[in-house]
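Colleague: Structure below; questions to follow.
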Amino acid sequence: MLLTGEDYSDLVTYLTGLFSIKKIPEILVDRFRIRYKSCFILDGPESSTGELADRFPEEDERDRIKFVNFEVSGLHPGQESSVTINWDSIEIKPDLDIKIATDFVDVLDRSTFRYF
């Protein structure tokens with residue numbers, strides 16, 4: 001499932017910062033367990049090339065994260081989902097009901113409130 005039409009850059013910034021500053025591999029947000037997998041770090045601010053890194057980004061790299069990958073529990077009963085949050089889209093595999101997907105994104109949006 002691919003969610004588009006919104007600006008998800010705040011989620012990329014928030015989640016990347018949360019995991020890289022705290023150096024924790026997973027968090028609980030409401031009923032969802034989110035495990036950090038990797039991120040794509042652009043080579044520079046004007047670049048479209050970069051590297052997929054399975055490490056936490058360094059402080060000077062956080063403003064160059066194009067997308068972040070997670071494994072999420074709680075979207076499908078008894079199964080983990082792969083979630084990629086990009087600046088302008090969120091991809092969730094395997095597909096799920098649109099209501100569950102939008103509820104998940106709403107939970108993430110609410111969790112960023114104190115950060116911003």
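Every chain in the structure tokens has a letter given in the order shown (A, B, ...), and although residue numbers restart at 1 in each chain, ligands are simply numbered from 1 in the order shown.
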Residues near stretch 25-32 of chain A, anyone? I mean within 6 Å using only C-alpha atoms, not counting same-chain ones fewer than 3 positions away, as a PDB file with N, CA and C atoms, in the first residue's frame.
Modeller:
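File written: part24.pdb
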ATOM      1  N   ARG A  35      10.506  -0.900  14.889  1.00  0.00           N
ATOM      2  CA  ARG A  35      11.925  -1.260  14.946  1.00  0.00           C
ATOM      3  C   ARG A  35      12.650  -0.611  13.769  1.00  0.00           C
ATOM      4  N   TYR A  36      13.679   0.160  14.094  1.00  0.00           N
ATOM      5  CA  TYR A  36      14.496   0.828  13.081  1.00  0.00           C
ATOM      6  C   TYR A  36      15.251  -0.204  12.259  1.00  0.00           C
ATOM      7  N   SER A  73       5.078  -3.834  14.198  1.00  0.00           N
ATOM      8  CA  SER A  73       4.103  -4.809  14.688  1.00  0.00           C
ATOM      9  C   SER A  73       2.863  -4.047  15.124  1.00  0.00           C
ATOM     10  N   GLY A  74       1.702  -4.650  14.898  1.00  0.00           N
ATOM     11  CA  GLY A  74       0.451  -4.034  15.313  1.00  0.00           C
ATOM     12  C   GLY A  74      -0.438  -3.609  14.162  1.00  0.00           C
TER      13      GLY A  74
END
Colleague: Assign secondary structure with DSSP using the backbone only, and return the residues of stretch 26-84 of chain A in strand (DSSP E) as a VMD selection string.
Modeller: chain A and resid 26 to 29 32 to 42 50 to 53 65 to 76 79 to 84
Colleague: Let me see the file: selected residues, N, CA and C atoms, as a short mmCIF file (atom, residue, chain, number, x, y, z; two decimals), in the first residue's frame.
Modeller:
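This went into part.cif:
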data_model
loop_
_atom_site.label_atom_id
_atom_site.label_comp_id
_atom_site.auth_asym_id
_atom_site.auth_seq_id
_atom_site.Cartn_x
_atom_site.Cartn_y
_atom_site.Cartn_z
N GLU A 26 14.29 0.00 18.98
CA GLU A 26 12.84 -0.04 18.80
C GLU A 26 12.12 0.75 19.87
N ILE A 27 10.91 1.19 19.50
CA ILE A 27 10.08 1.98 20.41
C ILE A 27 8.64 1.49 20.31
N LEU A 28 7.86 1.82 21.32
CA LEU A 28 6.43 1.60 21.30
C LEU A 28 5.75 2.94 21.14
N VAL A 29 4.86 3.03 20.16
CA VAL A 29 4.05 4.22 19.97
C VAL A 29 2.62 3.72 19.93
N PHE A 32 1.69 0.20 18.55
CA PHE A 32 2.61 -0.21 17.50
C PHE A 32 4.04 -0.29 18.03
N ARG A 33 4.70 -1.42 17.75
CA ARG A 33 6.12 -1.56 18.04
C ARG A 33 6.86 -1.25 16.75
N ILE A 34 7.75 -0.27 16.81
CA ILE A 34 8.46 0.18 15.62
C ILE A 34 9.94 -0.10 15.80
N ARG A 35 10.51 -0.90 14.89
CA ARG A 35 11.93 -1.26 14.95
C ARG A 35 12.65 -0.61 13.77
N TYR A 36 13.68 0.16 14.09
CA TYR A 36 14.50 0.83 13.08
C TYR A 36 15.25 -0.20 12.26
N LYS A 37 15.24 -0.03 10.93
CA LYS A 37 15.99 -0.92 10.04
C LYS A 37 17.10 -0.18 9.29
N SER A 38 16.74 0.91 8.61
CA SER A 38 17.74 1.62 7.80
C SER A 38 17.19 2.97 7.37
N CYS A 39 18.07 3.75 6.76
CA CYS A 39 17.66 5.04 6.19
C CYS A 39 18.52 5.31 4.96
N PHE A 40 18.02 6.20 4.12
CA PHE A 40 18.77 6.61 2.94
C PHE A 40 19.31 8.00 3.20
N ILE A 41 20.64 8.13 3.18
CA ILE A 41 21.31 9.40 3.48
C ILE A 41 21.83 9.99 2.17
N LEU A 42 21.34 11.16 1.83
CA LEU A 42 21.80 11.84 0.62
C LEU A 42 23.24 12.30 0.79
N GLY A 50 23.07 8.93 -2.83
CA GLY A 50 23.43 8.73 -1.44
C GLY A 50 23.63 7.26 -1.15
N GLU A 51 23.47 6.89 0.13
CA GLU A 51 23.70 5.52 0.55
C GLU A 51 22.58 5.04 1.46
N LEU A 52 22.25 3.77 1.34
CA LEU A 52 21.32 3.13 2.26
C LEU A 52 22.15 2.65 3.44
N ALA A 53 21.84 3.16 4.62
CA ALA A 53 22.64 2.84 5.81
C ALA A 53 21.78 2.09 6.82
N ILE A 65 18.36 12.94 5.37
CA ILE A 65 17.66 11.66 5.29
C ILE A 65 16.49 11.78 4.32
N LYS A 66 16.50 10.96 3.28
CA LYS A 66 15.42 10.99 2.29
C LYS A 66 14.27 10.08 2.71
N PHE A 67 14.60 8.90 3.22
CA PHE A 67 13.55 8.01 3.74
C PHE A 67 14.12 7.13 4.82
N VAL A 68 13.21 6.55 5.61
CA VAL A 68 13.59 5.70 6.72
C VAL A 68 12.73 4.43 6.66
N ASN A 69 13.36 3.28 6.96
CA ASN A 69 12.69 1.98 6.91
C ASN A 69 12.52 1.41 8.31
N PHE A 70 11.35 0.82 8.55
CA PHE A 70 11.03 0.22 9.84
C PHE A 70 10.35 -1.13 9.65
N GLU A 71 10.40 -1.94 10.70
CA GLU A 71 9.51 -3.09 10.83
C GLU A 71 8.52 -2.70 11.91
N VAL A 72 7.24 -2.90 11.63
CA VAL A 72 6.20 -2.46 12.55
C VAL A 72 5.30 -3.64 12.91
N SER A 73 5.08 -3.83 14.20
CA SER A 73 4.10 -4.81 14.69
C SER A 73 2.86 -4.05 15.12
N GLY A 74 1.70 -4.65 14.90
CA GLY A 74 0.45 -4.03 15.31
C GLY A 74 -0.44 -3.61 14.16
N LEU A 75 0.09 -3.69 12.94
CA LEU A 75 -0.73 -3.36 11.77
C LEU A 75 -1.50 -4.59 11.28
N HIS A 76 -0.84 -5.75 11.31
CA HIS A 76 -1.44 -7.03 10.96
C HIS A 76 -1.33 -7.93 12.19
N GLN A 79 1.84 -10.45 12.74
CA GLN A 79 2.75 -10.33 11.60
C GLN A 79 3.41 -8.95 11.62
N GLU A 80 4.67 -8.90 11.21
CA GLU A 80 5.36 -7.62 11.09
C GLU A 80 5.16 -7.06 9.70
N SER A 81 5.11 -5.75 9.63
CA SER A 81 4.98 -5.05 8.35
C SER A 81 6.24 -4.26 8.09
N SER A 82 6.57 -4.11 6.83
CA SER A 82 7.67 -3.27 6.41
C SER A 82 7.09 -1.90 6.06
N VAL A 83 7.64 -0.85 6.68
CA VAL A 83 7.14 0.51 6.46
C VAL A 83 8.30 1.40 6.04
N THR A 84 8.13 2.09 4.92
CA THR A 84 9.10 3.06 4.44
C THR A 84 8.43 4.42 4.41
#
Colleague: Within 9 Å of A:Ser20, counting only C-alpha atoms, which residues qualify if same-chain residues fewer than 6 places away don't, as a PyMOL selection string?
Modeller: chain A and resi 55-59+62
Colleague: Residues of the last selection are to be written out with N, CA, C and O atoms, as a compact mmCIF listing (two decimals), in the first residue's frame.
Modeller:
# COMPACT_ATOMS: atom_id res chain seq x y z
N ARG A 55 22.73 1.69 9.84
CA ARG A 55 23.17 2.24 11.13
C ARG A 55 22.33 3.49 11.41
O ARG A 55 21.61 3.98 10.56
N PHE A 56 22.43 3.96 12.65
CA PHE A 56 21.79 5.23 12.97
C PHE A 56 22.56 6.36 12.30
O PHE A 56 23.79 6.34 12.30
N PRO A 57 21.87 7.34 11.74
CA PRO A 57 22.59 8.46 11.12
C PRO A 57 23.29 9.32 12.17
O PRO A 57 22.83 9.44 13.30
N GLU A 58 24.41 9.88 11.77
CA GLU A 58 25.14 10.79 12.64
C GLU A 58 24.41 12.14 12.68
O GLU A 58 23.59 12.43 11.82
N GLU A 59 24.76 12.96 13.65
CA GLU A 59 24.09 14.25 13.83
C GLU A 59 24.17 15.11 12.57
O GLU A 59 23.17 15.72 12.17
N ARG A 62 21.52 13.96 9.73
CA ARG A 62 20.08 13.89 9.96
C ARG A 62 19.27 14.79 9.04
O ARG A 62 18.12 14.46 8.73
Colleague: Which residues are close to A:Met1, i.e. within 9 Å by only C-alpha atoms, leaving aside same-chain residues fewer than 6 positions away? Reply as an NGL selection string.
Modeller: :A and (90-98 or 101)
Colleague: Using N, CA, C and O atoms, can you export the residues from the last selection as a JSON list (two decimals), in the first residue's frame?
Modeller:
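part_22.json, freshly written:
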[["chain", "number", "residue", "atom", "x", "y", "z"],
["A", 90, "ILE", "N", 4.29, 7.10, 2.06],
["A", 90, "ILE", "CA", 4.52, 6.03, 3.03],
["A", 90, "ILE", "C", 4.12, 4.73, 2.37],
["A", 90, "ILE", "O", 3.00, 4.61, 1.86],
["A", 91, "GLU", "N", 5.05, 3.78, 2.33],
["A", 91, "GLU", "CA", 4.77, 2.48, 1.75],
["A", 91, "GLU", "C", 4.72, 1.44, 2.86],
["A", 91, "GLU", "O", 5.61, 1.38, 3.71],
["A", 92, "ILE", "N", 3.64, 0.65, 2.86],
["A", 92, "ILE", "CA", 3.44, -0.39, 3.86],
["A", 92, "ILE", "C", 3.26, -1.72, 3.15],
["A", 92, "ILE", "O", 2.42, -1.84, 2.26],
["A", 93, "LYS", "N", 4.07, -2.71, 3.53],
["A", 93, "LYS", "CA", 3.97, -4.06, 2.97],
["A", 93, "LYS", "C", 3.86, -5.06, 4.10],
["A", 93, "LYS", "O", 4.61, -4.93, 5.08],
["A", 94, "PRO", "N", 3.03, -6.04, 4.04],
["A", 94, "PRO", "CA", 2.03, -6.26, 3.00],
["A", 94, "PRO", "C", 0.91, -5.22, 3.10],
["A", 94, "PRO", "O", 0.77, -4.53, 4.11],
["A", 95, "ASP", "N", 0.13, -5.15, 2.02],
["A", 95, "ASP", "CA", -0.99, -4.21, 1.98],
["A", 95, "ASP", "C", -1.94, -4.44, 3.14],
["A", 95, "ASP", "O", -2.04, -5.55, 3.67],
["A", 96, "LEU", "N", -2.63, -3.37, 3.52],
["A", 96, "LEU", "CA", -3.61, -3.46, 4.57],
["A", 96, "LEU", "C", -4.74, -2.49, 4.28],
["A", 96, "LEU", "O", -4.66, -1.69, 3.35],
["A", 97, "ASP", "N", -5.77, -2.57, 5.08],
["A", 97, "ASP", "CA", -6.92, -1.70, 4.93],
["A", 97, "ASP", "C", -6.50, -0.24, 5.08],
["A", 97, "ASP", "O", -5.69, 0.09, 5.94],
["A", 98, "ILE", "N", -7.06, 0.62, 4.24],
["A", 98, "ILE", "CA", -6.70, 2.05, 4.24],
["A", 98, "ILE", "C", -6.98, 2.70, 5.59],
["A", 98, "ILE", "O", -6.24, 3.56, 6.03],
["A", 101, "ALA", "N", -4.12, 1.89, 7.92],
["A", 101, "ALA", "CA", -2.93, 2.65, 7.50],
["A", 101, "ALA", "C", -3.03, 4.11, 7.92],
["A", 101, "ALA", "O", -2.07, 4.67, 8.46]]
Colleague: Could you please determine the separation between atom CA of A:Ser111 and atom CA of A:Thr13 in Å, to one decimal place?
Modeller: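 We find that atom CA of A:Ser111 and atom CA of A:Thr13 lie 12.5 Å from each other.
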Colleague: I need the residues of chain A that end up classed as alpha helix (DSSP H) by DSSP on the backbone, written out as a list in words.
Modeller: Ser9, Asp10, Leu11, Val12, Thr13, Tyr14, Leu15, Thr16, Gly17, Leu18, Phe19, Ser20, Ile21, Lys22, Ile98, Lys99, Ile100, Ala101, Thr102, Asp103, Phe104, Val105, Asp106, Val107, Leu108, Asp109, Arg110 and Ser111 of chain A
Colleague: Store the residues of this selection in a file with C-alpha atoms, as a PDB file, in the first residue's frame.
Modeller:
ATOM      1  CA  SER A   9       8.990  15.125   5.936  1.00  0.00           C
ATOM      2  CA  ASP A  10       8.242  15.956   9.595  1.00  0.00           C
ATOM      3  CA  LEU A  11       7.810  12.241  10.301  1.00  0.00           C
ATOM      4  CA  VAL A  12      11.132  11.464   8.604  1.00  0.00           C
ATOM      5  CA  THR A  13      12.840  14.186  10.679  1.00  0.00           C
ATOM      6  CA  TYR A  14      11.185  13.205  13.955  1.00  0.00           C
ATOM      7  CA  LEU A  15      11.662   9.448  13.700  1.00  0.00           C
ATOM      8  CA  THR A  16      15.214   9.719  12.400  1.00  0.00           C
ATOM      9  CA  GLY A  17      16.103  12.070  15.252  1.00  0.00           C
ATOM     10  CA  LEU A  18      14.385   9.916  17.864  1.00  0.00           C
ATOM     11  CA  PHE A  19      16.216   6.744  16.916  1.00  0.00           C
ATOM     12  CA  SER A  20      19.613   8.323  16.211  1.00  0.00           C
ATOM     13  CA  ILE A  21      19.730  10.545  19.312  1.00  0.00           C
ATOM     14  CA  LYS A  22      18.509   7.859  21.721  1.00  0.00           C
ATOM     15  CA  ILE A  98      -6.702   2.047   4.240  1.00  0.00           C
ATOM     16  CA  LYS A  99      -8.351   2.861   7.592  1.00  0.00           C
ATOM     17  CA  ILE A 100      -5.673   0.955   9.533  1.00  0.00           C
ATOM     18  CA  ALA A 101      -2.928   2.646   7.498  1.00  0.00           C
ATOM     19  CA  THR A 102      -4.313   6.144   8.075  1.00  0.00           C
ATOM     20  CA  ASP A 103      -4.868   5.398  11.778  1.00  0.00           C
ATOM     21  CA  PHE A 104      -1.206   4.367  12.027  1.00  0.00           C
ATOM     22  CA  VAL A 105      -0.048   7.591  10.332  1.00  0.00           C
ATOM     23  CA  ASP A 106      -2.323   9.630  12.641  1.00  0.00           C
ATOM     24  CA  VAL A 107      -0.740   7.954  15.682  1.00  0.00           C
ATOM     25  CA  LEU A 108       2.722   8.817  14.344  1.00  0.00           C
ATOM     26  CA  ASP A 109       1.642  12.413  13.638  1.00  0.00           C
ATOM     27  CA  ARG A 110       0.327  12.817  17.176  1.00  0.00           C
ATOM     28  CA  SER A 111       3.557  11.400  18.613  1.00  0.00           C
TER      29      SER A 111
END
Colleague: As an exercise, work out the distance from atom CA of A:Asn86 to atom CA of A:Arg64 in Å and give it to one decimal place.
Modeller: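 Atom CA of A:Asn86 sits 11.9 Å away from atom CA of A:Arg64.
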Colleague: In Å to one decimal, how far is atom CA of A:Ile85 from atom CA of A:Ser47?
Modeller: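 Atom CA of A:Ser47 sits 19.0 Å away from atom CA of A:Ile85.
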